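Trainee: Would you mind keeping the following structure in view while I ask a few things?
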Amino acid sequence: GPSLRQRLLHHGGKSYGPLILSDSPIVAELLAGIGYDHIVLDMEHSPSNLQSAQQMLQSMDAAAAFASKKTEAIVRLDAPHETPETMKKILDSMRLPGGILVPMVDNAEMAKRVVQAARYPRQQASGGEGGVRGCAVPFVRASGWGSLSNDEYLRQCKEDLLIMVQVETPQAVDAIPEIAKVEGIDLIFLGPFDLSCSIGKMGMFEDAEVKELISRAERAVLESGCLLGGFRTPGVSLEELFGARGYSLLCGAVDLGLLRDAARLDAQAGREAMKEDQ
């Protein structure tokens with residue numbers, strides 16, 4: 001079937017999946033077999049590095065042996081100033097279709113640099129700019145170690161690589177109309193924790209100022225014509241976010257949060273059972 005990018009951009013599709021912070025190929029393989037649309041492999045707030053990210057990408061592909069559907073990998077890179085080098089190595093490791101998410105993008109100039117880092121020189125759409133990505137196509141995992149032709153891999157890069165940038169500050173929210181105009185940016189991604197923290201109200205999602213900042217960001221993305229994505233705002237239903245608030249892509253859970261919550265319930269059940277036994 002169509003790739004995640006094609007479904008979101010051309011078929012009005014939606015996508016839901018978790019974030020992996022554990023840096024674990026085992027967890028990546030397990031979650032890729034559950035039936036999510038996408039999984040975000042995080043290099044920003046986790047111990048993950050280029051080598052472990054490649055191992056998690058390999059593990060996600062291995063899940064195809066038992067999964068009922070294909071779960072696409074999205075890699076969230078580290079800080080933007082490291083984007084070109086990290087982007088090159090991650091894209092060389094990623095079998096497309098898939099996606100990349102770059103955090104802390106505050107303006108259109110930074111968004112242009114993200115697109116350039118993801119593209120080869122002279123690889124552009126009409127009116128767009130070429131890229132700065134170095135080329136080793138026949139010798140990297142992205143081409144199946146050369147099993148894909150150069151032309152086929154370039155087609156995949158053009159059609160099946162979802163490019164997303166994350167808006168995390170009031171200044172970036174103000175710049176959304178300009179960021180959205182950057183050719184090659186497919187989706188603008190909102191982080192409610194980052195937005196609340198940026199105005200000194202970390203996690204205060206009932207606060208009027210926080211609500212207004214998130215709402216203003218959502219409206220700006222939707223009015224720009226760019227796709228809207230983000231982390232689930234605590235206390236807001238997925239139905240509302242995908243419905244009235246217009247999200248196309250959401251991350252709802254974190255692998256370590258799922259494990260923590262299940263372990264707490266398990267430990268509580270054990271304590272209660274031992275009390276009853278006394």
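Chain labels run A, B, ... following the order of the structure tokens; each chain numbers its residues from 1, and ligands are numbered from 1 in the order shown.
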Please run DSSP on the backbone and report, as a ChimeraX atom specification, all residues within segment 108-204 of chain A that come out as helix (DSSP H, G or I).
Mentor: /A:108-118,137-139,141-143,150-160,170-174,176-180,192-198
Trainee: At a cut-off of 9 Å, using only C-alpha atoms, what residues contact segment 242-246 of chain A? Leave out same-chain residues fewer than 5 positions from it and give the result as a PDB file with C-alpha atoms, in the first residue's frame.
Mentor:
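Saved as out.pdb:
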ATOM      1  CA  LYS A  14      -4.091   9.720   9.930  1.00  0.00           C
ATOM      2  CA  SER A 215      -4.344  26.448  20.322  1.00  0.00           C
ATOM      3  CA  GLU A 218      -2.620  24.398  16.021  1.00  0.00           C
ATOM      4  CA  ARG A 219      -4.644  27.059  14.192  1.00  0.00           C
ATOM      5  CA  LEU A 222      -3.987  24.260   9.880  1.00  0.00           C
ATOM      6  CA  LEU A 227      -0.112  18.890   8.030  1.00  0.00           C
ATOM      7  CA  LEU A 228      -0.427  19.088  11.826  1.00  0.00           C
ATOM      8  CA  GLY A 229       1.190  16.532  14.128  1.00  0.00           C
ATOM      9  CA  SER A 237      -8.868  12.754  24.081  1.00  0.00           C
TER      10      SER A 237
END
Trainee: With distances taken over only C-alpha atoms, which of A:Glu223, A:Arg113, A:Ile100, A:Pro234 is nearest to Gly131 of chain A?
Mentor: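 The answer is A:Arg113, which sits nearest to Gly131 of chain A.
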Trainee: Step one, run DSSP on the backbone; step two, keep only residues of segment 42-236 of chain A assigned to strand (DSSP E); then write them as a ChimeraX atom specification.
Mentor: /A:42,72-76,98-102,161-167,187-190,227-231
Trainee: Give me the residues near segment 105-110 of chain A as a ChimeraX atom specification, where near means some atom within 8 Å (using only C-alpha atoms) and where sequence neighbours in that chain fewer than 5 positions away do not count.
Mentor: /A:80,165-169,171-173,175-176,178-182
Trainee: Extract, using only C-alpha atoms, all DNA, RNA and protein residues at most 9 Å from Leu57 of chain A, discarding same-chain residues fewer than 5 positions from it, and format them as a tab-separated table (two decimals) with C-alpha atoms, in the first residue's frame.
Mentor:
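Contents of the output file selection_19.tsv:
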chain	number	residue	atom	x	y	z
A	25	PRO	CA	15.99	-3.00	19.74
A	28	ALA	CA	11.36	-1.62	18.95
A	29	GLU	CA	10.71	-5.05	17.44
A	41	LEU	CA	12.72	6.42	17.63
A	52	SER	CA	21.77	1.90	18.31
A	62	ALA	CA	12.44	-7.73	11.47
A	73	ALA	CA	9.90	4.29	11.61
A	93	SER	CA	20.55	3.49	7.76
A	94	MET	CA	16.80	3.79	7.13
A	95	ARG	CA	14.96	1.54	4.69
Trainee: When distances are computed from only C-alpha atoms, which of A:Pro170, A:Pro138, A:Arg122, A:Gly99 shows the smallest separation from Asp186 of chain A?
Mentor: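 The answer is A:Gly99, which sits nearest to Asp186 of chain A.
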Trainee: Find the spatial neighbours of Asp42 of chain A, counting only C-alpha atoms, within a cut-off of 10 Å - ignore same-chain residues fewer than 6 positions away - and output them as a list in words.
Mentor: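 Returned residues: Leu19, Ile20, Leu21, Ser22, Asp23, Ser48, Asn49, Ala53, Ile74, Val75, Arg76, Leu77, Asp78 and Leu101 of chain A.
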Trainee: Mind dumping the selected residues with N, CA, C and O atoms as an mmCIF file, in the first residue's frame?
Mentor:
data_model
loop_
_atom_site.group_PDB
_atom_site.id
_atom_site.type_symbol
_atom_site.label_atom_id
_atom_site.label_comp_id
_atom_site.auth_asym_id
_atom_site.auth_seq_id
_atom_site.Cartn_x
_atom_site.Cartn_y
_atom_site.Cartn_z
ATOM 1 N N LEU A 19 6.411 6.685 21.177
ATOM 2 C CA LEU A 19 7.796 7.149 21.148
ATOM 3 C C LEU A 19 8.637 6.138 21.912
ATOM 4 O O LEU A 19 8.230 5.667 22.978
ATOM 5 N N ILE A 20 9.808 5.800 21.381
ATOM 6 C CA ILE A 20 10.718 4.885 22.070
ATOM 7 C C ILE A 20 11.874 5.676 22.667
ATOM 8 O O ILE A 20 12.656 6.313 21.952
ATOM 9 N N LEU A 21 11.965 5.644 24.016
ATOM 10 C CA LEU A 21 13.059 6.289 24.743
ATOM 11 C C LEU A 21 14.046 5.280 25.330
ATOM 12 O O LEU A 21 15.101 5.670 25.823
ATOM 13 N N SER A 22 13.696 4.000 25.286
ATOM 14 C CA SER A 22 14.489 2.989 25.991
ATOM 15 C C SER A 22 15.769 2.605 25.280
ATOM 16 O O SER A 22 16.603 1.905 25.841
ATOM 17 N N ASP A 23 15.926 3.027 24.009
ATOM 18 C CA ASP A 23 17.116 2.666 23.232
ATOM 19 C C ASP A 23 17.227 1.146 23.081
ATOM 20 O O ASP A 23 18.314 0.598 23.017
ATOM 21 N N SER A 48 20.073 6.957 22.825
ATOM 22 C CA SER A 48 20.294 6.431 21.472
ATOM 23 C C SER A 48 21.358 7.219 20.716
ATOM 24 O O SER A 48 21.400 8.448 20.764
ATOM 25 N N ASN A 49 22.208 6.473 20.021
ATOM 26 C CA ASN A 49 23.188 7.082 19.127
ATOM 27 C C ASN A 49 22.985 6.506 17.732
ATOM 28 O O ASN A 49 22.034 5.750 17.489
ATOM 29 N N ALA A 53 20.470 3.449 16.930
ATOM 30 C CA ALA A 53 19.313 3.789 16.096
ATOM 31 C C ALA A 53 19.223 2.842 14.903
ATOM 32 O O ALA A 53 18.130 2.385 14.543
ATOM 33 N N ILE A 74 9.960 6.581 12.330
ATOM 34 C CA ILE A 74 10.298 7.998 12.250
ATOM 35 C C ILE A 74 11.414 8.212 13.260
ATOM 36 O O ILE A 74 11.279 7.813 14.419
ATOM 37 N N VAL A 75 12.507 8.813 12.847
ATOM 38 C CA VAL A 75 13.606 9.077 13.776
ATOM 39 C C VAL A 75 13.594 10.564 14.141
ATOM 40 O O VAL A 75 13.636 11.423 13.252
ATOM 41 N N ARG A 76 13.513 10.831 15.452
ATOM 42 C CA ARG A 76 13.675 12.219 15.901
ATOM 43 C C ARG A 76 15.148 12.453 16.172
ATOM 44 O O ARG A 76 15.754 11.797 17.019
ATOM 45 N N LEU A 77 15.722 13.394 15.445
ATOM 46 C CA LEU A 77 17.144 13.676 15.559
ATOM 47 C C LEU A 77 17.435 14.487 16.820
ATOM 48 O O LEU A 77 16.529 14.923 17.527
ATOM 49 N N ASP A 78 18.722 14.713 17.038
ATOM 50 C CA ASP A 78 19.150 15.534 18.159
ATOM 51 C C ASP A 78 19.022 17.000 17.759
ATOM 52 O O ASP A 78 18.304 17.342 16.830
ATOM 53 N N LEU A 101 12.137 13.597 12.052
ATOM 54 C CA LEU A 101 11.571 14.699 12.815
ATOM 55 C C LEU A 101 12.736 15.470 13.426
ATOM 56 O O LEU A 101 13.569 14.878 14.119
#
